[in-house]
$ cat start-v1.txt   # compact mmCIF, C-alpha atoms
# COMPACT_ATOMS: atom_id res chain seq x y z
CA MET R 24 -18.95 -1.98 16.96
CA GLU R 25 -22.45 -2.80 18.19
CA LEU R 26 -22.72 0.76 19.56
CA ALA R 27 -21.84 2.21 16.14
CA ILE R 28 -24.43 -0.01 14.46
CA CYS R 29 -27.05 1.07 17.03
CA ILE R 30 -26.30 4.76 16.33
CA ILE R 31 -26.48 4.28 12.56
CA THR R 32 -29.72 2.32 12.87
CA GLY R 33 -31.25 5.13 14.94
CA PHE R 34 -30.16 7.57 12.26
CA MET R 35 -31.89 5.39 9.62
CA ILE R 36 -35.11 5.35 11.65
CA LEU R 37 -35.02 9.15 11.98
CA GLY R 38 -34.52 9.49 8.21
CA ALA R 39 -37.42 7.15 7.47
CA ILE R 40 -39.76 9.04 9.84
CA TYR R 41 -38.78 12.37 8.26
CA ALA R 42 -39.34 10.93 4.79
CA ILE R 43 -42.93 10.06 5.74
CA HIS R 44 -43.70 13.49 7.21
CA ALA R 45 -41.89 15.78 4.72
CA LYS R 46 -44.19 18.04 2.70
CA ASP R 47 -41.66 18.52 -0.11
CA LEU R 48 -41.40 15.26 -2.06
CA LEU R 49 -37.84 15.96 -3.25
CA SER R 50 -36.53 16.18 0.32
CA ALA R 51 -38.47 13.00 1.16
CA VAL R 52 -36.71 11.14 -1.67
CA ILE R 53 -33.29 12.41 -0.58
CA THR R 54 -33.99 11.38 3.03
CA CYS R 55 -34.76 7.90 1.71
CA GLY R 56 -31.19 8.03 0.36
CA ILE R 57 -29.95 8.43 3.96
CA VAL R 58 -31.49 5.06 4.81
CA GLY R 59 -29.76 3.33 1.90
CA TYR R 60 -26.31 4.84 2.44
CA SER R 61 -26.42 4.16 6.20
CA LEU R 62 -27.17 0.54 5.33
CA VAL R 63 -23.96 0.55 3.24
CA ILE R 64 -21.95 1.62 6.32
CA CYS R 65 -23.65 -1.10 8.38
CA PHE R 66 -22.66 -3.73 5.78
CA LEU R 67 -19.06 -2.49 5.83
CA LEU R 68 -18.94 -2.63 9.64
CA LEU R 69 -20.33 -6.18 9.59
CA LYS R 70 -17.59 -7.18 7.06
CA ALA R 71 -19.81 -7.82 4.03
CA PRO R 72 -18.16 -5.84 1.20
CA ASP R 73 -19.98 -7.79 -1.55
CA LEU R 74 -23.35 -6.61 -0.28
CA ALA R 75 -22.02 -3.07 0.29
CA ILE R 76 -20.93 -2.70 -3.36
CA VAL R 77 -24.31 -3.86 -4.69
CA GLN R 78 -26.24 -1.71 -2.20
CA ILE R 79 -24.35 1.53 -2.94
CA VAL R 80 -24.71 1.22 -6.73
CA VAL R 81 -28.37 0.16 -6.71
CA ASP R 82 -29.22 2.91 -4.21
CA THR R 83 -27.59 5.58 -6.39
CA ILE R 84 -29.45 4.47 -9.53
CA THR R 85 -32.77 4.26 -7.66
CA LEU R 86 -32.21 7.76 -6.23
CA ILE R 87 -31.54 9.16 -9.74
CA ILE R 88 -34.73 7.63 -11.13
CA MET R 89 -36.84 8.80 -8.15
CA VAL R 90 -35.47 12.37 -8.39
CA ALA R 91 -36.29 12.41 -12.11
CA VAL R 92 -39.84 11.24 -11.36
CA VAL R 93 -40.35 13.89 -8.66
CA LEU R 94 -38.99 16.70 -10.86
CA ASP R 95 -41.31 15.60 -13.67
CA SER R 96 -44.51 15.42 -11.58
CA SER R 97 -45.76 17.56 -8.71
CA ARG R 98 -43.33 18.41 -5.90
CA GLU R 99 -45.88 18.73 -3.13
CA GLU R 100 -47.79 15.97 -1.48
CA ARG R 101 -51.55 16.22 -1.49
CA PHE R 102 -52.96 15.53 1.96
CA SER R 103 -56.41 14.15 2.54
CA ARG R 104 -58.17 13.83 5.88
CA LEU R 105 -58.88 10.37 7.28
CA ASP R 106 -62.47 9.23 6.89
CA LEU R 107 -64.12 6.34 8.82
CA SER R 108 -62.72 3.44 6.76
CA GLY R 109 -59.24 5.00 6.91
CA ARG R 110 -59.45 5.17 10.70
CA ILE R 111 -60.59 1.53 10.91
CA THR R 112 -57.64 0.50 8.69
CA ALA R 113 -55.15 2.42 10.82
CA PHE R 114 -56.54 0.93 14.05
CA THR R 115 -56.43 -2.62 12.65
CA SER R 116 -52.83 -2.26 11.46
CA LEU R 117 -51.81 -0.90 14.88
CA VAL R 118 -53.35 -3.95 16.59
CA VAL R 119 -51.62 -6.34 14.16
CA ILE R 120 -48.26 -4.60 14.69
CA GLY R 121 -48.69 -4.92 18.49
CA ILE R 122 -49.38 -8.67 18.24
CA LEU R 123 -46.38 -9.19 15.92
CA LEU R 124 -44.13 -7.20 18.29
CA TYR R 125 -45.19 -9.43 21.22
CA PHE R 126 -44.21 -12.62 19.39
CA PHE R 127 -41.02 -10.95 18.11
CA VAL R 128 -39.90 -10.24 21.68
CA ILE R 129 -40.58 -13.89 22.66
CA ALA R 130 -38.56 -15.12 19.65
CA ALA R 131 -35.69 -12.68 20.22
CA GLU R 132 -35.18 -13.87 23.80
CA ASN R 133 -34.49 -17.41 22.58
CA LEU R 134 -31.89 -16.41 19.95
CA ASP R 135 -28.13 -16.79 20.36
CA ALA R 136 -25.85 -13.75 20.47
CA LEU R 137 -25.30 -11.79 17.23
CA GLY R 138 -23.88 -14.04 14.52
CA ASN R 139 -23.32 -17.26 16.52
CA SER R 140 -26.17 -19.32 15.08
CA THR R 141 -25.34 -18.44 11.49
CA LEU R 142 -21.68 -19.36 12.03
CA ARG R 143 -22.74 -22.77 13.39
CA MET R 144 -24.89 -23.43 10.33
CA ALA R 145 -22.29 -22.16 7.89
CA ALA R 146 -19.36 -24.20 9.24
CA PRO R 147 -19.67 -26.98 6.59
CA TYR R 148 -19.66 -24.28 3.89
CA ILE R 149 -16.63 -22.43 5.26
CA ASN R 150 -14.40 -25.43 5.99
CA GLY R 151 -12.47 -26.27 2.81
CA ALA R 152 -14.70 -24.29 0.46
CA ALA R 153 -11.71 -22.88 -1.42
CA GLU R 154 -10.51 -26.39 -2.29
CA LYS R 155 -14.01 -27.65 -3.13
CA THR R 156 -14.99 -24.79 -5.46
CA GLY R 157 -11.57 -23.42 -6.47
CA SER R 158 -12.56 -19.77 -5.93
CA ALA R 159 -10.72 -17.52 -3.49
CA ASN R 160 -13.84 -15.41 -2.84
CA LEU R 161 -16.05 -17.48 -0.56
CA VAL R 162 -19.24 -15.62 -1.46
CA THR R 163 -18.91 -16.37 -5.17
CA GLY R 164 -18.17 -19.99 -4.34
CA VAL R 165 -21.36 -20.32 -2.30
CA VAL R 166 -23.55 -18.28 -4.67
CA PHE R 167 -22.57 -20.02 -7.90
CA ASP R 168 -21.59 -23.50 -6.71
CA PHE R 169 -23.36 -24.62 -3.53
CA ARG R 170 -26.43 -22.46 -4.12
CA GLY R 171 -26.56 -22.44 -7.93
CA TYR R 172 -30.33 -22.88 -8.07
CA ASP R 173 -30.88 -19.70 -6.04
CA THR R 174 -28.72 -17.64 -8.40
CA MET R 175 -30.51 -19.02 -11.45
CA GLY R 176 -33.81 -18.10 -9.79
CA GLU R 177 -32.62 -14.54 -9.23
CA ALA R 178 -31.58 -14.19 -12.87
CA VAL R 179 -34.97 -15.49 -14.03
CA VAL R 180 -36.74 -13.08 -11.64
CA LEU R 181 -34.89 -10.16 -13.28
CA VAL R 182 -35.94 -11.36 -16.75
CA THR R 183 -39.55 -11.64 -15.60
CA ALA R 184 -39.43 -8.12 -14.14
CA VAL R 185 -38.12 -6.74 -17.44
CA ILE R 186 -40.87 -8.52 -19.38
CA GLY R 187 -43.46 -7.02 -17.04
CA VAL R 188 -42.05 -3.49 -17.40
CA LEU R 189 -41.97 -3.78 -21.19
CA ALA R 190 -45.54 -5.10 -21.29
CA VAL R 191 -46.83 -2.22 -19.18
CA LEU R 192 -44.81 0.69 -20.54
CA ARG R 193 -44.50 0.18 -24.30
CA ILE R 194 -47.22 2.54 -25.46
CA LYS R 195 -46.38 2.24 -29.18
CA GLY R 196 -47.47 -1.39 -29.46
CA LYS R 197 -50.62 -0.57 -27.54
CA LYS R 198 -51.50 2.28 -29.92
CA GLU R 199 -51.19 0.10 -33.01
CA GLY R 200 -53.36 -2.60 -31.45
CA PHE R 201 -55.91 0.04 -30.52
CA GLY R 202 -56.02 1.30 -34.13
CA LEU R 203 -56.62 -2.21 -35.45
CA LEU R 204 -59.52 -2.65 -33.07
CA LYS R 205 -61.06 0.64 -34.24
CA GLU R 206 -60.74 -0.36 -37.93
CA ASP R 207 -62.31 -3.73 -37.23
CA SER R 208 -65.27 -2.17 -35.47
CA ALA R 209 -65.65 0.36 -38.31
CA LYS R 210 -65.76 -2.46 -40.89
CA ALA R 211 -68.29 -4.39 -38.85
CA MET A 5 -35.12 13.31 -24.95
CA LYS A 6 -32.70 16.21 -25.28
CA GLY A 7 -29.13 16.12 -24.08
CA MET A 8 -27.70 18.32 -21.35
CA SER A 9 -25.19 21.20 -21.47
CA ILE A 10 -21.64 20.87 -22.82
CA ILE A 11 -20.05 20.67 -19.35
CA VAL A 12 -22.12 17.60 -18.47
CA LYS A 13 -21.40 16.07 -21.87
CA LYS A 14 -17.63 16.41 -21.58
CA THR A 15 -17.61 15.11 -17.99
CA ALA A 16 -19.70 12.10 -19.00
CA GLN A 17 -17.31 11.48 -21.91
CA LEU A 18 -14.33 11.44 -19.57
CA ILE A 19 -15.83 9.38 -16.75
CA SER A 20 -18.15 6.82 -18.37
CA GLY A 21 -15.35 4.81 -20.00
CA MET A 22 -13.54 4.44 -16.70
CA ILE A 23 -16.75 3.34 -14.96
CA PHE A 24 -17.33 0.76 -17.70
CA ILE A 25 -13.81 -0.66 -17.34
CA TYR A 26 -14.21 -0.78 -13.55
CA GLY A 27 -17.43 -2.77 -14.00
CA ILE A 28 -15.65 -5.24 -16.27
CA TYR A 29 -12.87 -5.55 -13.65
CA VAL A 30 -15.37 -6.27 -10.88
CA ILE A 31 -17.08 -8.94 -13.00
CA VAL A 32 -13.90 -10.70 -14.19
CA HIS A 33 -12.27 -10.74 -10.74
CA GLY A 34 -15.52 -11.88 -9.11
CA HIS A 35 -14.04 -15.16 -7.89
CA LEU A 36 -10.98 -13.45 -6.34
CA THR A 37 -12.10 -10.14 -4.77
CA PRO A 38 -15.43 -8.81 -3.39
CA GLY A 39 -18.00 -8.16 -6.08
CA GLY A 40 -19.09 -10.43 -8.87
CA GLY A 41 -21.76 -10.70 -11.51
CA PHE A 42 -24.52 -8.69 -9.81
CA ALA A 43 -22.37 -5.80 -8.53
CA GLY A 44 -20.38 -5.47 -11.75
CA GLY A 45 -23.50 -5.66 -13.90
CA VAL A 46 -25.13 -2.80 -12.02
CA ILE A 47 -21.93 -0.70 -12.43
CA LEU A 48 -21.97 -1.37 -16.20
CA ALA A 49 -25.62 -0.31 -16.36
CA GLY A 50 -24.72 2.84 -14.41
CA SER A 51 -22.14 3.93 -16.99
CA LEU A 52 -24.65 3.35 -19.83
CA ILE A 53 -27.31 5.34 -17.94
CA LEU A 54 -24.80 8.19 -17.44
CA VAL A 55 -24.14 8.43 -21.19
CA THR A 56 -27.85 8.23 -22.00
CA LEU A 57 -28.74 10.99 -19.52
CA ALA A 58 -25.99 13.29 -20.78
CA TYR A 59 -26.44 12.86 -24.51
CA GLY A 60 -30.06 11.82 -24.99
CA GLU A 61 -31.11 11.07 -28.55
CA GLU A 62 -27.88 12.39 -30.07
CA PHE A 63 -25.80 9.38 -29.13
CA PHE A 64 -28.20 6.45 -28.97
CA LYS A 65 -31.15 5.68 -31.17
CA LEU A 66 -33.20 4.78 -28.11
CA VAL A 67 -35.74 2.37 -29.61
CA ARG A 68 -33.12 0.48 -31.63
CA GLU A 69 -30.92 0.29 -28.52
CA GLU A 70 -33.80 -1.24 -26.59
CA MET A 71 -34.29 -3.97 -29.21
CA GLY A 72 -30.59 -4.93 -29.12
CA THR A 73 -30.42 -4.91 -25.33
CA THR A 74 -33.44 -7.22 -25.09
CA ILE A 75 -31.73 -9.77 -27.35
CA VAL A 76 -28.46 -9.58 -25.36
CA GLU A 77 -30.33 -10.13 -22.09
CA SER A 78 -32.19 -13.20 -23.32
CA LEU A 79 -29.00 -14.72 -24.80
CA ALA A 80 -27.10 -14.22 -21.52
CA THR A 81 -29.85 -15.89 -19.48
CA ILE A 82 -29.98 -18.83 -21.89
CA SER A 83 -26.16 -19.19 -21.67
CA VAL A 84 -26.30 -19.40 -17.86
CA ILE A 85 -28.81 -22.25 -18.07
CA LEU A 86 -26.83 -23.96 -20.87
CA ILE A 87 -23.63 -23.93 -18.77
CA ALA A 88 -25.60 -25.34 -15.84
CA VAL A 89 -26.91 -28.14 -18.08
CA GLY A 90 -23.42 -28.64 -19.54
CA GLY A 91 -22.41 -30.75 -16.56
CA PHE A 92 -24.57 -33.56 -17.93
CA LEU A 93 -22.30 -33.83 -20.99
CA PHE A 94 -19.27 -34.63 -18.84
CA GLY A 95 -20.51 -37.81 -17.22
CA SER A 96 -22.01 -36.56 -13.94
CA LYS A 97 -25.69 -36.34 -13.15
CA ILE A 98 -25.55 -33.05 -11.21
CA PHE A 99 -27.14 -29.78 -12.29
CA PHE A 100 -24.68 -26.86 -11.78
CA ASN A 101 -21.71 -29.25 -11.84
CA ASN A 102 -18.25 -27.60 -11.97
CA PHE A 103 -16.92 -29.60 -14.91
CA LEU A 104 -13.85 -27.57 -15.92
CA PRO A 105 -10.46 -28.06 -14.15
CA ARG A 106 -10.17 -25.97 -10.98
CA GLY A 107 -6.59 -24.69 -11.33
CA THR A 108 -4.71 -23.14 -8.41
CA VAL A 109 -6.73 -21.03 -5.96
CA GLY A 110 -6.09 -17.30 -6.38
CA GLU A 111 -5.15 -17.08 -10.06
CA LEU A 112 -7.27 -15.20 -12.62
CA VAL A 113 -8.02 -18.30 -14.70
CA SER A 114 -9.17 -20.75 -12.04
CA ALA A 115 -12.31 -22.03 -10.32
CA GLY A 116 -13.64 -23.91 -13.36
CA VAL A 117 -16.96 -22.51 -14.63
CA LEU A 118 -17.49 -19.87 -11.92
CA PRO A 119 -15.94 -16.98 -13.96
CA LEU A 120 -18.20 -17.91 -16.90
CA TYR A 121 -21.27 -17.72 -14.66
CA ASN A 122 -20.04 -14.34 -13.40
CA ILE A 123 -19.61 -12.96 -16.92
CA PHE A 124 -23.02 -14.08 -18.19
CA VAL A 125 -24.91 -13.03 -15.06
CA GLY A 126 -23.16 -9.63 -15.20
CA THR A 127 -24.23 -9.14 -18.84
CA GLU A 128 -27.77 -10.14 -17.96
CA VAL A 129 -28.06 -7.79 -14.96
CA ALA A 130 -26.55 -4.85 -16.87
CA SER A 131 -28.92 -5.26 -19.81
CA SER A 132 -31.97 -5.77 -17.55
CA ILE A 133 -31.45 -2.53 -15.62
CA PHE A 134 -30.62 -0.62 -18.80
CA ILE A 135 -33.81 -1.90 -20.48
CA ILE A 136 -35.95 -0.77 -17.53
CA PHE A 137 -34.35 2.71 -17.68
CA LEU A 138 -34.73 2.95 -21.48
CA SER A 139 -38.37 1.88 -21.44
CA LEU A 140 -39.13 4.54 -18.80
CA ILE A 141 -37.51 7.22 -21.02
CA ILE A 142 -39.25 6.02 -24.19
CA PHE A 143 -42.58 5.95 -22.33
CA LYS A 144 -42.11 9.61 -21.43
CA GLU A 145 -41.17 10.46 -25.04
CA GLU A 146 -44.08 8.67 -26.64
CA SER A 147 -46.83 9.58 -24.19
CA PRO A 148 -49.10 12.37 -25.47
CA LYS A 149 -48.54 15.75 -23.82

$ encode --input "start-v1.txt" --output "structure tokens"
Amino acid sequence: MELAICIITGFMILGAIYAIHAKDLLSAVITCGIVGYSLVICFLLLKAPDLAIVQIVVDTITLIIMVAVVLDSSREERFSRLDLSGRITAFTSLVVIGILLYFFVIAAENLDALGNSTLRMAAPYINGAAEKTGSANLVTGVVFDFRGYDTMGEAVVLVTAVIGVLAVLRIKGKKEGFGLLKEDSAKA
Amino acid sequence: MKGMSIIVKKTAQLISGMIFIYGIYVIVHGHLTPGGGFAGGVILAGSLILVTLAYGEEFFKLVREEMGTTIVESLATISVILIAVGGFLFGSKIFFNNFLPRGTVGELVSAGVLPLYNIFVGTEVASSIFIIFLSLIIFKEESPK
């Protein structure tokens, strides 16, 4: 199973690299879809069907919206050559990535094998959770009973995101406010 | 926004109802099978987006739809918090207390308040994603050419 996950992860990395370098923006968006759908297969192999359902639906809707945006604007990417500040930024980010990779290797050597540490932490949740919460699906039991605060936070985050989108995108309200300002300045 | 051709319209007519019922199934069985409020809510929003893309202005009055969806979303969020506070009324001092009887594990009506959380969170997620989609469409309609 680990071999299959390694192959799929390599495929995801290839798709992401192609998405950066593609000149046609539509093919770049569709290659981003490869990353999302490969992640769905990874979730299924790791026995997490709850996450797989959410990922496949959200990825499809995101892909639809991105394709609509690309079809409505220009299809070709505009390249610009790197000037001095761009080169300094690229060099600095490379150095930071190298330092982070060094510490990541040190941390990864001290980890347990795949999944062991999380199972040790989750043992109090798994033992007798069906009797404690009354739900046959363990994930729902943890998400809505043991970790209720987290779920409420996620719901509030969605509401906040919607308020932000409405505040930015509703051009009608903006126009009326603009007209009022003009009338006021004309009266003054 | 104009609708699409008649083939797309008929296909959307046939499929969207089934997608909607599947979303309701995923939400209601959230405490028994994989899925739950978030996954089912996104499926519900997907069926609504399908109808909107196929029919455009002919089926929905877009601006009026946005008003109604905003109200539904706020009410669902408030209900989640009210159920969480509801544990205080039943004698315990715990936020997110499971105050209804648990029932037998594995039946449809069981697990106390967890199915209610699933239903309200599903409504909230569906309306949130649908509002974001609608406001993008209305922005394109209203912006000057």

$ closest_atom_pairs --input "start-v1.txt" --of "chain A" --to "chain R" --cutoff "8 Å" --atoms "all atoms listed in the file" --output "CSV"
residue,atom,partner,partner_atom,distance
A:Gly34,CA,R:Thr163,CA,6.9
A:His35,CA,R:Asn160,CA,5.1
A:Leu36,CA,R:Asn160,CA,4.9
A:Thr37,CA,R:Asn160,CA,5.9
A:Pro38,CA,R:Asp73,CA,5.0
A:Gly39,CA,R:Asp73,CA,5.0
A:Gly40,CA,R:Thr163,CA,7.0
A:Phe42,CA,R:Val77,CA,7.0
A:Ala43,CA,R:Val77,CA,4.7
A:Val46,CA,R:Val80,CA,6.7
A:Ile47,CA,R:Val80,CA,6.6
A:Gly50,CA,R:Ile84,CA,7.0
A:Glu77,CA,R:Val182,CA,7.8
A:Ser78,CA,R:Val182,CA,7.8
A:Thr81,CA,R:Ala178,CA,7.0
A:Val84,CA,R:Met175,CA,7.7
A:Ile85,CA,R:Met175,CA,7.6
A:Phe100,CA,R:Gly171,CA,6.2
A:Asn101,CA,R:Asp168,CA,7.7
A:Asn102,CA,R:Asp168,CA,7.5
A:Arg106,CA,R:Gly157,CA,5.4
A:Gly107,CA,R:Gly157,CA,7.1
A:Thr108,CA,R:Gly157,CA,7.1
A:Val109,CA,R:Gly157,CA,5.4
A:Gly110,CA,R:Ala159,CA,5.5
A:Ser114,CA,R:Gly157,CA,6.6
A:Ala115,CA,R:Gly157,CA,4.2
A:Gly116,CA,R:Gly157,CA,7.2
A:Leu118,CA,R:Phe167,CA,6.5
A:Tyr121,CA,R:Phe167,CA,7.3
A:Val125,CA,R:Ala178,CA,7.1
A:Glu128,CA,R:Ala178,CA,7.5
A:Val129,CA,R:Leu181,CA,7.4
A:Ser132,CA,R:Val185,CA,6.2
A:Ile135,CA,R:Val185,CA,7.2
A:Ile136,CA,R:Val185,CA,6.4
A:Ser139,CA,R:Leu192,CA,6.6
A:Leu140,CA,R:Leu192,CA,7.1
A:Ile142,CA,R:Arg193,CA,7.9
A:Phe143,CA,R:Leu192,CA,6.0
A:Glu146,CA,R:Ile194,CA,7.0
A:Ser147,CA,R:Ile194,CA,7.2

$ atom_distance --input "start-v1.txt" --atom1 "CA of Ile31 in chain R" --atom2 "CA of Leu117 in chain R"
26.0 Å

$ residues_around --input "start-v1.txt" --residues "Ser51 in chain A" --least-positions-apart "4" --cutoff "8 Å" --atoms "all atoms listed in the file" --output "count of residues only"
6

$ atom_distance --input "start-v1.txt" --atom1 "CA of Gly33 in chain R" --atom2 "CA of Val119 in chain R"
23.4 Å

$ atom_distance --input "start-v1.txt" --atom1 "CA of Ser9 in chain A" --atom2 "CA of Tyr60 in chain R"
29.0 Å

$ closest_residue --input "start-v1.txt" --among "R:Leu69, R:Ile36, R:Leu86, R:Ala131" --to "Gly56 in chain R" --atoms "only C-alpha atoms"
R:Leu86

$ axis_aligned_box --input "start-v1.txt" --around "range 19-35 of chain A" --padding-each-side "6 Å" --output "lines of an AutoDock Vina configuration file"
center_x = -15.2
center_y = -2.9
center_z = -13.9
size_x = 17.9
size_y = 36.5
size_z = 24.1

$ residues_around --input "start-v1.txt" --residues "Tyr59 in chain A" --least-positions-apart "3" --cutoff "12 Å" --atoms "only C-alpha atoms" --output "PyMOL selection string"
chain A and resi 5-17+20+52-56+62-66

$ residues_around --input "start-v1.txt" --residues "Gly38 in chain R" --least-positions-apart "4" --cutoff "9 Å" --atoms "all atoms listed in the file" --output "list in words"
Gly33, Phe34, Ala42, Ile43, Ala51, Thr54, Cys55, Gly56, Ile57 and Val58 of chain R

$ write_last_selection --input "start-v1.txt" --atoms "C-alpha atoms" --output "short mmCIF file (atom, residue, chain, number, x, y, z; two decimals), in the coordinates of the input"
data_model
loop_
_atom_site.label_atom_id
_atom_site.label_comp_id
_atom_site.auth_asym_id
_atom_site.auth_seq_id
_atom_site.Cartn_x
_atom_site.Cartn_y
_atom_site.Cartn_z
CA GLY R 33 -31.25 5.13 14.94
CA PHE R 34 -30.16 7.57 12.26
CA ALA R 42 -39.34 10.93 4.79
CA ILE R 43 -42.93 10.06 5.74
CA ALA R 51 -38.47 13.00 1.16
CA THR R 54 -33.99 11.38 3.03
CA CYS R 55 -34.76 7.90 1.71
CA GLY R 56 -31.19 8.03 0.36
CA ILE R 57 -29.95 8.43 3.96
CA VAL R 58 -31.49 5.06 4.81
#

$ closest_residue --input "start-v1.txt" --among "A:Ile141, A:Val113, A:Ala58, A:Ile87" --to "Ile19 in chain A" --atoms "only C-alpha atoms"
A:Ala58

$ build_atoms --input "start-v1.txt" --residues "range 61-79 of chain A" --atoms "N, CA and C atoms" --output "PDB file, keeping the file's coordinate frame"
ATOM      1  N   GLU A  61     -30.911  11.693 -27.236  1.00  0.00           N
ATOM      2  CA  GLU A  61     -31.110  11.070 -28.550  1.00  0.00           C
ATOM      3  C   GLU A  61     -29.897  11.204 -29.454  1.00  0.00           C
ATOM      4  N   GLU A  62     -28.960  12.140 -29.129  1.00  0.00           N
ATOM      5  CA  GLU A  62     -27.880  12.390 -30.070  1.00  0.00           C
ATOM      6  C   GLU A  62     -26.951  11.197 -30.209  1.00  0.00           C
ATOM      7  N   PHE A  63     -26.789  10.442 -29.124  1.00  0.00           N
ATOM      8  CA  PHE A  63     -25.800   9.380 -29.130  1.00  0.00           C
ATOM      9  C   PHE A  63     -26.426   8.031 -29.423  1.00  0.00           C
ATOM     10  N   PHE A  64     -27.532   7.732 -28.784  1.00  0.00           N
ATOM     11  CA  PHE A  64     -28.200   6.450 -28.970  1.00  0.00           C
ATOM     12  C   PHE A  64     -29.487   6.668 -29.743  1.00  0.00           C
ATOM     13  N   LYS A  65     -29.780   5.779 -30.693  1.00  0.00           N
ATOM     14  CA  LYS A  65     -31.150   5.680 -31.170  1.00  0.00           C
ATOM     15  C   LYS A  65     -31.889   4.822 -30.144  1.00  0.00           C
ATOM     16  N   LEU A  66     -32.753   5.459 -29.333  1.00  0.00           N
ATOM     17  CA  LEU A  66     -33.200   4.780 -28.110  1.00  0.00           C
ATOM     18  C   LEU A  66     -33.971   3.508 -28.403  1.00  0.00           C
ATOM     19  N   VAL A  67     -34.883   3.536 -29.372  1.00  0.00           N
ATOM     20  CA  VAL A  67     -35.740   2.370 -29.610  1.00  0.00           C
ATOM     21  C   VAL A  67     -34.913   1.209 -30.140  1.00  0.00           C
ATOM     22  N   ARG A  68     -33.951   1.541 -31.074  1.00  0.00           N
ATOM     23  CA  ARG A  68     -33.120   0.480 -31.630  1.00  0.00           C
ATOM     24  C   ARG A  68     -32.234  -0.114 -30.532  1.00  0.00           C
ATOM     25  N   GLU A  69     -31.751   0.756 -29.633  1.00  0.00           N
ATOM     26  CA  GLU A  69     -30.920   0.290 -28.520  1.00  0.00           C
ATOM     27  C   GLU A  69     -31.698  -0.676 -27.636  1.00  0.00           C
ATOM     28  N   GLU A  70     -32.992  -0.369 -27.440  1.00  0.00           N
ATOM     29  CA  GLU A  70     -33.800  -1.240 -26.590  1.00  0.00           C
ATOM     30  C   GLU A  70     -33.958  -2.622 -27.198  1.00  0.00           C
ATOM     31  N   MET A  71     -34.182  -2.665 -28.528  1.00  0.00           N
ATOM     32  CA  MET A  71     -34.290  -3.970 -29.210  1.00  0.00           C
ATOM     33  C   MET A  71     -33.029  -4.798 -28.988  1.00  0.00           C
ATOM     34  N   GLY A  72     -31.846  -4.195 -29.247  1.00  0.00           N
ATOM     35  CA  GLY A  72     -30.590  -4.930 -29.120  1.00  0.00           C
ATOM     36  C   GLY A  72     -30.357  -5.403 -27.710  1.00  0.00           C
ATOM     37  N   THR A  73     -30.656  -4.543 -26.724  1.00  0.00           N
ATOM     38  CA  THR A  73     -30.420  -4.910 -25.330  1.00  0.00           C
ATOM     39  C   THR A  73     -31.304  -6.069 -24.912  1.00  0.00           C
ATOM     40  N   THR A  74     -32.554  -6.101 -25.427  1.00  0.00           N
ATOM     41  CA  THR A  74     -33.440  -7.220 -25.090  1.00  0.00           C
ATOM     42  C   THR A  74     -32.854  -8.538 -25.561  1.00  0.00           C
ATOM     43  N   ILE A  75     -32.306  -8.533 -26.812  1.00  0.00           N
ATOM     44  CA  ILE A  75     -31.730  -9.770 -27.350  1.00  0.00           C
ATOM     45  C   ILE A  75     -30.530 -10.210 -26.523  1.00  0.00           C
ATOM     46  N   VAL A  76     -29.651  -9.252 -26.155  1.00  0.00           N
ATOM     47  CA  VAL A  76     -28.460  -9.580 -25.360  1.00  0.00           C
ATOM     48  C   VAL A  76     -28.864 -10.198 -24.017  1.00  0.00           C
ATOM     49  N   GLU A  77     -29.905  -9.625 -23.396  1.00  0.00           N
ATOM     50  CA  GLU A  77     -30.330 -10.130 -22.090  1.00  0.00           C
ATOM     51  C   GLU A  77     -30.819 -11.570 -22.187  1.00  0.00           C
ATOM     52  N   SER A  78     -31.653 -11.843 -23.203  1.00  0.00           N
ATOM     53  CA  SER A  78     -32.190 -13.200 -23.320  1.00  0.00           C
ATOM     54  C   SER A  78     -31.068 -14.194 -23.598  1.00  0.00           C
ATOM     55  N   LEU A  79     -30.104 -13.810 -24.481  1.00  0.00           N
ATOM     56  CA  LEU A  79     -29.000 -14.720 -24.800  1.00  0.00           C
ATOM     57  C   LEU A  79     -28.166 -15.013 -23.558  1.00  0.00           C
TER      58      LEU A  79
END
